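Working notes, beginning with the structure itself.
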Amino acid sequence: MALAHSLLIFAALCGFTAALASLGGILLRWMRVEMESDAEHLLVSLGIALIALEIALFLVQFATRIQQGCIALLALLCLAVVVECRSTSSRFLRVMREMAPRGSFSLHLYVLLPVVVLVEFLMTVAPLTGSDALHYHFTTQRLILEQGFHPIFSITHSFLCGQSHLLILFGLALGSEKFAMGTIFLGGLLTSFALDCLAARCAPRGLFEAITLLFLLTPVVFWQISTSGAPDIWMAFFAALAVVVLSQRKATGTWKQALLAGFLAGGIAGGKYTGCVLATALVMAFVLEIRSALGTLLFLGGALISGAWPYLRNWVWTGDPFFPFYSRVFSLRVVNDYALANLTADTGLSRSRHLAELLPFLFFSGIQESGPGFYDFFGPLLFALAPLILLVFRNTREWRVHSFVWVFFASCIFVSSALPRFLLPVFPIALSCAATAIAYSEQLGWSAVSRLATGSIAVLSLVGAVGLALYSRAPLRTALGMQDGVSYLAARAPDYQIAGAIQQGLRGAPRSRKTLVFFRHLYYLDIPFVNGDPGSSWIVDPERLRTPEQWKSFFGQYGICYVARSPEYPTPIASALLQMENNGELLPVSKTMVQSFQDKRIQEDRVDVPVVILRMTQAPSCRDAETHGTEMP
């Protein structure tokens with residue numbers, strides 16, 4: 001049954017891709033744009049259609065019935081398939097014929113690639129366990145779907161959600177968490193095809209296919225597109241497409257190229273705050289290469305049309321389009337220093353950096369002080385090939401655009417945060433440079449260097465395959481129906497048992513009464529709640545919640561009648577809440593012992609954690625909740 005469900009999701013993703021390609025084909029024909037190859041044309045069609053869908057989904061959020069609006073958009077996509085199916089299918093068939101394996105090496109790669117893709121897809125349709133996804137990527141979209149489009153001040157990271165998160169909303173609105181996860185997998189798969197197009201411009205057939213396989217086997221990539229639940233991979237897709245458009249040899253300097261590249265750059269900027277840096281790199285590359293004032297204005301106009309929406313949302317809600325990073329200037333009233341310090345530490349803004357770390361960081365070999373994880377590990381290939389890439393550099397448009405976008409973006413990320421995982425959007429561009437460098441070394445007669453580099457790709461692909469095999473064991477068992485989803489989540493999803501204990505303890509409680517909780521991973525908590533962790537909630541300010549009286553006013557303001565203490569109250573706010581317990585203003589109604597991860601999940605250290613549910617006794621709004629539960633002695 002589980003496998004049949006997975007196959008159904010795969011079929012749905014194929015249909016979704018066909019619909020987007022059809023819609024994008026209509027838009028490109030309306031613009032009278034034709035890319036240099038069918039593969040590039042299909043990918044650019046998908047890119048602009050995805051951004052158009054994200055804009056439509058953003059507007060749908062304002063509707064009182066978001067689910068019905070998403071279904072209407074799905075119907076429009078189906079209509080696009082009917083209108084454009086002949087042109088899209090013929091173009092797709094031509095691409096498939098061009099991709100047919102030629103020679104034994106290509107044949108072996110074409111056997112391995114589908115196996116890797118299948119494994120990563122099956123990992124994707126396992127139940128959601130990604131830490132950030134459970135905290136805000138999926139949780140925020142679920143809350144918007146349930147409660148309507150409004151600011152969620154009790155989750156600091158909710159304001160960091162960009163346009164790519166709307167694909168998660170789309171999947172959840174259609175009733176399928178697995179389809180929402182599948183859209184992230186689709187982003188990774190399409191990014192690998194975009195890398196294929198980038199590398200194919202200068203590298204021979206077998207080499208760019210091997211680079212594509214290496215990309216899919218890189219730990220940060222297969223983690224990102226399978227179990228993480230984070231949609232950042234879409235920025236890499238749009239970035240690769242924007243570089244493809246800027247590298248076109250036909251129609252250079254035209255308004256169509258400027259508008260199209262700008263539209264794709266806006267899709268990057270709308271995905272995440274760091275996307276603004278990448279969009280800036282692209283517009284600077286356009287200015288340096290095209291040198292057209294009108295083209296630059298069209299580029300910026302296209303970017304604003306496609307990517308301004310999350311910033312407009314934050315500006316309307318808080319007065320700060322980049323909330324909360326300019327809140328001290330625009331919206332100091334809605335932030336607290338404790339949560340802001342935690343957020344800046346999480347995004348690397350408070351981390352010290354040394355100039356000696358810059359070169360390894362530029363070549364994707366930077367390591368966090370706390371140690372690397374799947375979310376950071378790009379592998380040593382680019383760092384090892386750095387001398388070769390520099391030696392064979394050519395003053396051509398492809399080299400200039402690729403290298404400028406890569407180096408400018410990576411340098412800015414190093415200065416701002418120095419977190420390696422933020423480099424993911426330019427990883428395909430860097431790999432295409434590596435493939436081109438290896439191809440040029442062969443042309444220059446450096447056969448030994450070429451063989452050594454190609455051997456390095458093979459070795460690292462093998463290491464990545466071993467890592468994928470080890471990492472995928474648990475999700476594959478669940479996706480194939482060999483393990484049930486509940487036991488998988490209990491073993492793999494952080495705080496899942498805590499959420500289950502809270503829901504069991506409050507079974508039958510009125511849905512109008514909210515519960516104050518203090519754990520991070522909130523997605524599986526299917527009751528009305530308010531996040532009480534001062535490190536990840538704007539509304540829980542330790543400076544303003546020091547006394548029981550202030551807390552009672554807070555409970556009344558947000559309709560809170562229950563408090564779930566697990567494992568303990570956060571230290572900055574503990575004293576007043578413990579005082580309320582001692583005074584009998586918070587009475588325990590249930591206590592359960594569960595297991596949770598002690599530190600990072602990858603270490604798999606588990607400890608017993610108490611889950612104590614307490615009821616507010618003196619608030620008039622909570623009187624009707626007194627009949628629920630039995631007070632503990």
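Letters A, B, ... go to the chains of the structure tokens in the order shown; residues in each chain start at 1; ligands are counted from 1 in the same order.
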
Write out as a ChimeraX atom specification the residues lying within 7 Å of stretch 494-504 of chain A, counting only C-alpha atoms and excluding same-chain residues fewer than 2 positions away.
/A:131,489-490,492,506-507,521,524-525,527,564,592,594-597,611

Keeping all heavy atoms, export the residues of the selection given above as a short mmCIF file (atom, residue, chain, number, x, y, z; two decimals), in the first residue's frame.
data_model
loop_
_atom_site.label_atom_id
_atom_site.label_comp_id
_atom_site.auth_asym_id
_atom_site.auth_seq_id
_atom_site.Cartn_x
_atom_site.Cartn_y
_atom_site.Cartn_z
N SER A 131 14.41 18.81 10.73
CA SER A 131 14.28 19.66 11.92
C SER A 131 13.68 21.03 11.59
O SER A 131 12.68 21.44 12.19
CB SER A 131 15.66 19.83 12.57
OG SER A 131 15.58 20.69 13.69
N LEU A 489 8.38 7.72 12.83
CA LEU A 489 8.39 9.07 13.37
C LEU A 489 8.82 9.07 14.84
O LEU A 489 9.55 9.95 15.28
CB LEU A 489 7.02 9.71 13.22
CG LEU A 489 6.62 10.10 11.79
CD1 LEU A 489 5.16 10.50 11.73
CD2 LEU A 489 7.51 11.23 11.28
N ALA A 490 8.35 8.09 15.59
CA ALA A 490 8.72 8.01 17.01
C ALA A 490 10.23 7.84 17.17
O ALA A 490 10.83 8.35 18.13
CB ALA A 490 7.99 6.86 17.68
N ARG A 492 12.58 8.68 14.62
CA ARG A 492 13.39 9.59 13.81
C ARG A 492 13.01 11.06 13.91
O ARG A 492 13.86 11.92 13.68
CB ARG A 492 13.31 9.17 12.33
CG ARG A 492 13.69 7.74 12.04
CD ARG A 492 15.16 7.45 12.27
NE ARG A 492 16.00 8.28 11.43
CZ ARG A 492 17.34 8.29 11.50
NH1 ARG A 492 17.95 7.54 12.39
NH2 ARG A 492 18.05 9.06 10.70
N LEU A 506 -4.41 16.29 26.28
CA LEU A 506 -5.45 17.31 26.09
C LEU A 506 -6.59 16.81 25.21
O LEU A 506 -7.34 17.61 24.66
CB LEU A 506 -4.83 18.56 25.47
CG LEU A 506 -3.86 19.33 26.38
CD1 LEU A 506 -3.19 20.47 25.62
CD2 LEU A 506 -4.59 19.87 27.61
N ARG A 507 -6.70 15.50 25.07
CA ARG A 507 -7.78 14.94 24.26
C ARG A 507 -9.13 15.33 24.85
O ARG A 507 -9.40 15.11 26.03
CB ARG A 507 -7.64 13.42 24.20
CG ARG A 507 -8.64 12.74 23.29
CD ARG A 507 -8.35 11.26 23.18
NE ARG A 507 -8.31 10.64 24.50
CZ ARG A 507 -7.99 9.37 24.69
NH1 ARG A 507 -7.69 8.59 23.67
NH2 ARG A 507 -7.97 8.88 25.92
N HIS A 521 9.95 21.55 17.55
CA HIS A 521 9.43 20.91 16.34
C HIS A 521 7.92 20.75 16.46
O HIS A 521 7.42 19.80 17.06
CB HIS A 521 10.13 19.57 16.14
CG HIS A 521 11.63 19.71 16.13
ND1 HIS A 521 12.41 19.50 17.23
CD2 HIS A 521 12.47 20.11 15.12
CE1 HIS A 521 13.68 19.72 16.93
NE2 HIS A 521 13.74 20.09 15.66
N TYR A 524 3.83 18.36 14.10
CA TYR A 524 2.93 17.26 14.44
C TYR A 524 2.05 17.57 15.65
O TYR A 524 1.33 16.68 16.12
CB TYR A 524 3.73 15.98 14.68
CG TYR A 524 4.34 15.42 13.42
CD1 TYR A 524 5.72 15.38 13.24
CD2 TYR A 524 3.55 14.98 12.37
CE1 TYR A 524 6.29 14.88 12.07
CE2 TYR A 524 4.10 14.49 11.19
CZ TYR A 524 5.47 14.45 11.06
OH TYR A 524 6.02 13.96 9.89
N LEU A 525 2.09 18.79 16.15
CA LEU A 525 1.23 19.19 17.26
C LEU A 525 -0.09 19.71 16.70
O LEU A 525 -0.20 20.86 16.28
CB LEU A 525 1.92 20.26 18.10
CG LEU A 525 1.22 20.68 19.39
CD1 LEU A 525 1.09 19.50 20.34
CD2 LEU A 525 1.98 21.81 20.07
N ILE A 527 -3.00 20.69 17.80
CA ILE A 527 -3.92 21.40 18.69
C ILE A 527 -3.58 22.88 18.60
O ILE A 527 -2.47 23.24 18.17
CB ILE A 527 -3.79 20.92 20.16
CG1 ILE A 527 -2.34 21.15 20.65
CG2 ILE A 527 -4.20 19.46 20.32
CD1 ILE A 527 -2.17 20.92 22.12
N ALA A 564 2.20 23.27 28.61
CA ALA A 564 2.84 21.96 28.51
C ALA A 564 4.33 22.15 28.82
O ALA A 564 5.07 22.69 28.01
CB ALA A 564 2.65 21.37 27.12
N THR A 592 3.48 12.57 31.68
CA THR A 592 3.86 11.42 30.87
C THR A 592 5.37 11.46 30.66
O THR A 592 5.97 12.53 30.55
CB THR A 592 3.16 11.46 29.49
OG1 THR A 592 1.76 11.67 29.68
CG2 THR A 592 3.39 10.17 28.73
N VAL A 594 8.31 10.39 28.04
CA VAL A 594 8.57 9.99 26.66
C VAL A 594 10.07 10.07 26.41
O VAL A 594 10.84 10.47 27.30
CB VAL A 594 7.82 10.89 25.65
CG1 VAL A 594 6.32 10.80 25.86
CG2 VAL A 594 8.29 12.34 25.76
N GLN A 595 10.48 9.72 25.21
CA GLN A 595 11.88 9.84 24.83
C GLN A 595 12.05 10.91 23.76
O GLN A 595 11.18 11.11 22.91
CB GLN A 595 12.42 8.50 24.30
CG GLN A 595 12.68 7.47 25.40
CD GLN A 595 13.58 6.36 24.89
OE1 GLN A 595 13.58 6.02 23.71
NE2 GLN A 595 14.36 5.79 25.80
N SER A 596 13.20 11.59 23.83
CA SER A 596 13.51 12.61 22.83
C SER A 596 15.02 12.65 22.64
O SER A 596 15.78 12.11 23.46
CB SER A 596 12.98 13.98 23.26
OG SER A 596 13.15 14.93 22.23
N PHE A 597 15.45 13.30 21.57
CA PHE A 597 16.88 13.41 21.30
C PHE A 597 17.51 14.40 22.27
O PHE A 597 16.95 15.47 22.54
CB PHE A 597 17.13 13.86 19.87
CG PHE A 597 16.71 12.85 18.84
CD1 PHE A 597 15.54 13.01 18.12
CD2 PHE A 597 17.48 11.72 18.61
CE1 PHE A 597 15.14 12.07 17.18
CE2 PHE A 597 17.10 10.77 17.67
CZ PHE A 597 15.93 10.95 16.95
N VAL A 611 6.65 15.07 30.29
CA VAL A 611 5.70 15.98 29.66
C VAL A 611 4.60 16.25 30.68
O VAL A 611 3.76 15.39 30.96
CB VAL A 611 5.10 15.40 28.37
CG1 VAL A 611 4.11 16.39 27.75
CG2 VAL A 611 6.19 15.05 27.37
#

Name all residues at most 12 Å from A:Leu8 (count only C-alpha atoms; drop same-chain ones fewer than 3 positions away) and give them as a list in words.
Met1, Ala2, Leu3, Ala4, His5, Ala11, Ala12, Leu13, Cys14, Gly15, Leu122, Val125, Ser176, Lys178, Phe179 and Gly182 of chain A

Got a sec: who's within 9 Å of A:Val283, counting only C-alpha atoms, leaving out chain neighbours fewer than 5 positions off, as a ChimeraX atom specification?
/A:261-262,265,278,288,296,299-300

Can you list, as an mmCIF file with N, CA and C atoms, in the first residue's frame, every residue of stretch 266-344 of chain A that DSSP puts in alpha helix (DSSP H)?
data_model
loop_
_atom_site.group_PDB
_atom_site.id
_atom_site.type_symbol
_atom_site.label_atom_id
_atom_site.label_comp_id
_atom_site.auth_asym_id
_atom_site.auth_seq_id
_atom_site.Cartn_x
_atom_site.Cartn_y
_atom_site.Cartn_z
ATOM 1 N N GLY A 266 14.435 37.340 -9.908
ATOM 2 C CA GLY A 266 13.446 37.667 -8.888
ATOM 3 C C GLY A 266 12.940 36.433 -8.171
ATOM 4 N N GLY A 267 12.812 35.318 -8.908
ATOM 5 C CA GLY A 267 12.418 34.073 -8.269
ATOM 6 C C GLY A 267 13.415 33.632 -7.221
ATOM 7 N N ILE A 268 14.707 33.909 -7.461
ATOM 8 C CA ILE A 268 15.736 33.596 -6.473
ATOM 9 C C ILE A 268 15.608 34.518 -5.270
ATOM 10 N N ALA A 269 15.484 35.822 -5.533
ATOM 11 C CA ALA A 269 15.391 36.789 -4.433
ATOM 12 C C ALA A 269 14.160 36.543 -3.579
ATOM 13 N N TYR A 273 16.254 35.496 1.922
ATOM 14 C CA TYR A 273 16.978 36.762 1.978
ATOM 15 C C TYR A 273 18.325 36.668 1.269
ATOM 16 N N THR A 274 19.035 35.544 1.413
ATOM 17 C CA THR A 274 20.318 35.401 0.720
ATOM 18 C C THR A 274 20.148 35.395 -0.787
ATOM 19 N N GLY A 275 18.934 35.099 -1.263
ATOM 20 C CA GLY A 275 18.669 35.152 -2.697
ATOM 21 C C GLY A 275 18.816 36.546 -3.261
ATOM 22 N N CYS A 276 18.654 37.574 -2.436
ATOM 23 C CA CYS A 276 18.848 38.950 -2.908
ATOM 24 C C CYS A 276 20.301 39.176 -3.321
ATOM 25 N N VAL A 277 21.218 38.545 -2.590
ATOM 26 C CA VAL A 277 22.632 38.665 -2.942
ATOM 27 C C VAL A 277 22.887 38.009 -4.298
ATOM 28 N N LEU A 278 22.308 36.828 -4.511
ATOM 29 C CA LEU A 278 22.494 36.124 -5.774
ATOM 30 C C LEU A 278 21.849 36.888 -6.929
ATOM 31 N N ALA A 279 20.669 37.458 -6.685
ATOM 32 C CA ALA A 279 20.025 38.274 -7.716
ATOM 33 C C ALA A 279 20.875 39.490 -8.054
ATOM 34 N N THR A 280 21.523 40.085 -7.040
ATOM 35 C CA THR A 280 22.424 41.216 -7.275
ATOM 36 C C THR A 280 23.611 40.800 -8.137
ATOM 37 N N ALA A 281 24.152 39.605 -7.853
ATOM 38 C CA ALA A 281 25.263 39.099 -8.667
ATOM 39 C C ALA A 281 24.839 38.932 -10.121
ATOM 40 N N LEU A 282 23.632 38.463 -10.344
ATOM 41 C CA LEU A 282 23.145 38.257 -11.709
ATOM 42 C C LEU A 282 22.925 39.583 -12.439
ATOM 43 N N VAL A 283 22.361 40.562 -11.754
ATOM 44 C CA VAL A 283 22.140 41.845 -12.427
ATOM 45 C C VAL A 283 23.481 42.522 -12.721
ATOM 46 N N MET A 284 24.461 42.355 -11.830
ATOM 47 C CA MET A 284 25.787 42.923 -12.102
ATOM 48 C C MET A 284 26.444 42.218 -13.283
ATOM 49 N N ALA A 285 26.285 40.900 -13.362
ATOM 50 C CA ALA A 285 26.825 40.163 -14.519
ATOM 51 C C ALA A 285 26.158 40.621 -15.805
ATOM 52 N N PHE A 286 24.852 40.882 -15.741
ATOM 53 C CA PHE A 286 24.134 41.366 -16.923
ATOM 54 C C PHE A 286 24.669 42.734 -17.348
ATOM 55 N N VAL A 287 24.860 43.622 -16.378
ATOM 56 C CA VAL A 287 25.359 44.960 -16.694
ATOM 57 C C VAL A 287 26.754 44.880 -17.322
ATOM 58 N N LEU A 288 27.614 44.030 -16.752
ATOM 59 C CA LEU A 288 28.980 43.917 -17.259
ATOM 60 C C LEU A 288 29.035 43.308 -18.654
ATOM 61 N N GLU A 289 28.120 42.376 -18.944
ATOM 62 C CA GLU A 289 28.151 41.679 -20.223
ATOM 63 C C GLU A 289 27.363 42.403 -21.321
ATOM 64 N N ILE A 290 26.194 42.907 -20.973
ATOM 65 C CA ILE A 290 25.295 43.468 -21.993
ATOM 66 C C ILE A 290 25.495 44.967 -22.158
ATOM 67 N N ALA A 293 21.416 50.199 -20.758
ATOM 68 C CA ALA A 293 20.639 50.854 -19.706
ATOM 69 C C ALA A 293 19.192 50.378 -19.728
ATOM 70 N N LEU A 294 18.601 50.298 -20.920
ATOM 71 C CA LEU A 294 17.228 49.832 -21.031
ATOM 72 C C LEU A 294 17.120 48.378 -20.576
ATOM 73 N N GLY A 295 18.095 47.565 -20.992
ATOM 74 C CA GLY A 295 18.082 46.174 -20.577
ATOM 75 C C GLY A 295 18.183 46.028 -19.069
ATOM 76 N N THR A 296 18.995 46.861 -18.443
ATOM 77 C CA THR A 296 19.137 46.805 -16.986
ATOM 78 C C THR A 296 17.826 47.168 -16.302
ATOM 79 N N LEU A 297 17.141 48.187 -16.814
ATOM 80 C CA LEU A 297 15.842 48.561 -16.237
ATOM 81 C C LEU A 297 14.830 47.432 -16.393
ATOM 82 N N LEU A 298 14.828 46.780 -17.545
ATOM 83 C CA LEU A 298 13.918 45.658 -17.761
ATOM 84 C C LEU A 298 14.271 44.478 -16.849
ATOM 85 N N PHE A 299 15.562 44.240 -16.668
ATOM 86 C CA PHE A 299 16.011 43.186 -15.760
ATOM 87 C C PHE A 299 15.477 43.453 -14.347
ATOM 88 N N LEU A 300 15.681 44.674 -13.865
ATOM 89 C CA LEU A 300 15.225 45.023 -12.518
ATOM 90 C C LEU A 300 13.704 44.967 -12.416
ATOM 91 N N GLY A 301 13.022 45.402 -13.484
ATOM 92 C CA GLY A 301 11.558 45.340 -13.480
ATOM 93 C C GLY A 301 11.056 43.914 -13.396
ATOM 94 N N GLY A 302 11.663 43.017 -14.189
ATOM 95 C CA GLY A 302 11.273 41.617 -14.127
ATOM 96 C C GLY A 302 11.524 41.013 -12.767
ATOM 97 N N ALA A 303 12.653 41.386 -12.137
ATOM 98 C CA ALA A 303 12.972 40.868 -10.810
ATOM 99 C C ALA A 303 11.974 41.355 -9.766
ATOM 100 N N LEU A 304 11.584 42.615 -9.856
ATOM 101 C CA LEU A 304 10.615 43.148 -8.893
ATOM 102 C C LEU A 304 9.257 42.477 -9.053
ATOM 103 N N ILE A 305 8.834 42.264 -10.279
ATOM 104 C CA ILE A 305 7.537 41.630 -10.518
ATOM 105 C C ILE A 305 7.503 40.216 -9.939
ATOM 106 N N SER A 306 8.595 39.496 -10.079
ATOM 107 C CA SER A 306 8.581 38.084 -9.691
ATOM 108 C C SER A 306 9.008 37.825 -8.256
ATOM 109 N N GLY A 307 9.783 38.730 -7.649
ATOM 110 C CA GLY A 307 10.362 38.388 -6.355
ATOM 111 C C GLY A 307 10.084 39.312 -5.197
ATOM 112 N N TRP A 309 7.286 39.871 -3.525
ATOM 113 C CA TRP A 309 6.105 39.576 -2.722
ATOM 114 C C TRP A 309 6.382 39.279 -1.249
ATOM 115 N N PRO A 310 7.354 38.443 -0.888
ATOM 116 C CA PRO A 310 7.600 38.223 0.548
ATOM 117 C C PRO A 310 8.046 39.479 1.273
ATOM 118 N N TYR A 311 8.765 40.354 0.578
ATOM 119 C CA TYR A 311 9.240 41.586 1.199
ATOM 120 C C TYR A 311 8.088 42.576 1.376
ATOM 121 N N LEU A 312 7.190 42.573 0.423
ATOM 122 C CA LEU A 312 5.986 43.389 0.566
ATOM 123 C C LEU A 312 5.147 42.895 1.735
ATOM 124 N N ARG A 313 5.013 41.581 1.876
ATOM 125 C CA ARG A 313 4.281 40.992 3.001
ATOM 126 C C ARG A 313 4.879 41.425 4.332
ATOM 127 N N ASN A 314 6.188 41.281 4.483
ATOM 128 C CA ASN A 314 6.830 41.643 5.744
ATOM 129 C C ASN A 314 6.741 43.135 6.021
ATOM 130 N N TRP A 315 6.804 43.937 4.961
ATOM 131 C CA TRP A 315 6.693 45.384 5.141
ATOM 132 C C TRP A 315 5.308 45.768 5.642
ATOM 133 N N VAL A 316 4.272 45.152 5.078
ATOM 134 C CA VAL A 316 2.902 45.442 5.514
ATOM 135 C C VAL A 316 2.693 44.978 6.950
ATOM 136 N N TRP A 317 3.223 43.818 7.300
ATOM 137 C CA TRP A 317 2.987 43.260 8.626
ATOM 138 C C TRP A 317 3.813 43.922 9.722
ATOM 139 N N THR A 318 5.059 44.322 9.395
ATOM 140 C CA THR A 318 5.970 44.779 10.447
ATOM 141 C C THR A 318 6.600 46.137 10.193
ATOM 142 N N SER A 327 14.857 45.491 12.107
ATOM 143 C CA SER A 327 13.766 45.838 13.019
ATOM 144 C C SER A 327 14.144 46.975 13.959
ATOM 145 N N ARG A 328 15.415 47.127 14.273
ATOM 146 C CA ARG A 328 15.813 48.221 15.165
ATOM 147 C C ARG A 328 15.552 49.576 14.512
ATOM 148 N N VAL A 329 15.436 49.578 13.201
ATOM 149 C CA VAL A 329 15.153 50.830 12.486
ATOM 150 C C VAL A 329 13.660 50.971 12.209
ATOM 151 N N PHE A 330 13.011 49.856 11.787
ATOM 152 C CA PHE A 330 11.639 49.938 11.293
ATOM 153 C C PHE A 330 10.570 49.418 12.266
ATOM 154 N N ASP A 337 15.012 41.296 22.136
ATOM 155 C CA ASP A 337 16.447 41.125 21.941
ATOM 156 C C ASP A 337 16.883 39.678 22.092
ATOM 157 N N TYR A 338 16.229 38.943 22.987
ATOM 158 C CA TYR A 338 16.632 37.560 23.228
ATOM 159 C C TYR A 338 16.396 36.702 21.978
ATOM 160 N N ALA A 339 15.210 36.814 21.388
ATOM 161 C CA ALA A 339 14.894 36.040 20.188
ATOM 162 C C ALA A 339 15.746 36.492 19.007
ATOM 163 N N LEU A 340 15.989 37.792 18.911
ATOM 164 C CA LEU A 340 16.804 38.308 17.804
ATOM 165 C C LEU A 340 18.233 37.783 17.895
ATOM 166 N N ALA A 341 18.781 37.720 19.106
ATOM 167 C CA ALA A 341 20.132 37.187 19.279
ATOM 168 C C ALA A 341 20.192 35.715 18.881
ATOM 169 N N ASN A 342 19.169 34.946 19.223
ATOM 170 C CA ASN A 342 19.131 33.546 18.836
ATOM 171 C C ASN A 342 19.017 33.374 17.333
ATOM 172 N N LEU A 343 18.222 34.220 16.697
ATOM 173 C CA LEU A 343 18.044 34.117 15.250
ATOM 174 C C LEU A 343 19.324 34.494 14.509
ATOM 175 N N THR A 344 19.992 35.533 14.948
ATOM 176 C CA THR A 344 21.235 35.930 14.282
ATOM 177 C C THR A 344 22.314 34.863 14.470
#

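Between atom CA of A:Asn336 and atom CA of A:Asp533 the interatomic distance comes to 12.1 Å.
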
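Of the listed residues (A:Pro510, A:Gly445, A:Gly464, A:Gly270), A:Gly464 comes nearest to A:Val116; the distances count only C-alpha atoms.
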
Using only C-alpha atoms, what table do you get, as JSON lines, when you list each residue of stretch 171-280 of chain A with an atom no more than 12 Å from stretch 72-77 of chain A, its nearest pair of atoms, and their distance in Å rounded to one decimal, rows by chain then rising number?
{"residue": "A:Gly171", "atom": "CA", "partner": "A:Leu74", "partner_atom": "CA", "distance": 10.6}
{"residue": "A:Ala173", "atom": "CA", "partner": "A:Leu74", "partner_atom": "CA", "distance": 10.9}
{"residue": "A:Leu174", "atom": "CA", "partner": "A:Leu74", "partner_atom": "CA", "distance": 9.1}

Using the selection just defined, write its residues with N, CA and C atoms as an mmCIF file, in the first residue's frame.
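Generated output (part_15.cif):
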data_model
loop_
_atom_site.group_PDB
_atom_site.id
_atom_site.type_symbol
_atom_site.label_atom_id
_atom_site.label_comp_id
_atom_site.auth_asym_id
_atom_site.auth_seq_id
_atom_site.Cartn_x
_atom_site.Cartn_y
_atom_site.Cartn_z
ATOM 1 N N GLY A 171 0.902 21.867 -1.893
ATOM 2 C CA GLY A 171 0.772 20.436 -1.636
ATOM 3 C C GLY A 171 -0.110 20.137 -0.449
ATOM 4 N N ALA A 173 -2.453 22.051 0.759
ATOM 5 C CA ALA A 173 -3.828 22.428 0.425
ATOM 6 C C ALA A 173 -4.512 21.354 -0.413
ATOM 7 N N LEU A 174 -3.729 20.647 -1.221
ATOM 8 C CA LEU A 174 -4.288 19.558 -2.021
ATOM 9 C C LEU A 174 -4.416 18.273 -1.212
#

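Here atom CA of A:Tyr488 is placed at a distance of 19.2 Å from atom CA of A:Ala180.
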
Excluding same-chain residues fewer than 4 positions from A:Ile184, what lies within 9 Å of it counting only C-alpha atoms, as JSON, numbers by chain?
{"A": [124, 167, 168, 179, 180, 188, 189, 224, 225, 226, 229, 230, 231, 232, 233, 234]}

Restricted to N, CA, C and O atoms, what would the selected residues look like written as a compact mmCIF listing (two decimals), in the first residue's frame?
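In the end it all went to part.txt:
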# COMPACT_ATOMS: atom_id res chain seq x y z
N THR A 124 12.08 10.81 -0.09
CA THR A 124 11.25 12.02 -0.03
C THR A 124 9.85 11.71 0.48
O THR A 124 9.27 12.50 1.24
N LEU A 167 4.94 26.38 -2.60
CA LEU A 167 4.73 25.06 -3.18
C LEU A 167 4.40 24.04 -2.10
O LEU A 167 3.65 23.09 -2.34
N ILE A 168 4.96 24.24 -0.90
CA ILE A 168 4.57 23.40 0.24
C ILE A 168 3.11 23.66 0.60
O ILE A 168 2.33 22.72 0.83
N PHE A 179 3.10 15.03 -1.44
CA PHE A 179 3.23 15.81 -2.67
C PHE A 179 4.00 17.10 -2.38
O PHE A 179 4.81 17.54 -3.21
N ALA A 180 3.75 17.70 -1.22
CA ALA A 180 4.50 18.90 -0.85
C ALA A 180 5.99 18.59 -0.76
O ALA A 180 6.83 19.36 -1.25
N GLY A 188 15.15 19.47 -6.88
CA GLY A 188 16.49 18.89 -7.00
C GLY A 188 16.70 18.21 -8.33
O GLY A 188 17.78 18.33 -8.95
N LEU A 189 15.70 17.48 -8.81
CA LEU A 189 15.82 16.78 -10.09
C LEU A 189 15.96 17.78 -11.24
O LEU A 189 16.82 17.61 -12.13
N GLN A 224 19.14 17.62 1.12
CA GLN A 224 18.27 18.76 0.83
C GLN A 224 17.02 18.36 0.07
O GLN A 224 15.92 18.84 0.36
N ILE A 225 17.15 17.47 -0.90
CA ILE A 225 16.00 17.17 -1.77
C ILE A 225 15.21 15.96 -1.31
O ILE A 225 14.21 15.62 -1.95
N SER A 226 15.60 15.34 -0.21
CA SER A 226 14.87 14.14 0.23
C SER A 226 14.19 14.34 1.57
O SER A 226 12.98 14.49 1.65
N GLY A 229 13.03 18.71 3.90
CA GLY A 229 11.78 19.48 3.89
C GLY A 229 11.99 20.96 3.70
O GLY A 229 11.08 21.76 3.96
N ALA A 230 13.18 21.36 3.25
CA ALA A 230 13.49 22.78 3.02
C ALA A 230 13.53 23.04 1.51
O ALA A 230 14.20 22.31 0.77
N PRO A 231 12.86 24.09 1.04
CA PRO A 231 12.76 24.32 -0.42
C PRO A 231 13.88 25.16 -1.01
O PRO A 231 13.74 25.70 -2.10
N ASP A 232 15.03 25.27 -0.32
CA ASP A 232 16.11 26.13 -0.80
C ASP A 232 16.65 25.70 -2.16
O ASP A 232 17.23 26.51 -2.88
N ILE A 233 16.49 24.44 -2.51
CA ILE A 233 17.04 23.94 -3.77
C ILE A 233 16.47 24.67 -4.98
O ILE A 233 17.11 24.75 -6.03
N TRP A 234 15.27 25.23 -4.83
CA TRP A 234 14.68 25.96 -5.97
C TRP A 234 15.51 27.17 -6.35
O TRP A 234 15.53 27.59 -7.51

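Nearest to A:Thr129 of all the residues A:Ala56, A:Ala493, A:Leu577, A:Val612 is A:Ala493, based on only C-alpha atoms.
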
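With only C-alpha atoms as the atoms that count, the residue of A:Val466, A:Met235, A:Cys85, A:Ala133 with the shortest distance to A:Ser158 is A:Ala133.
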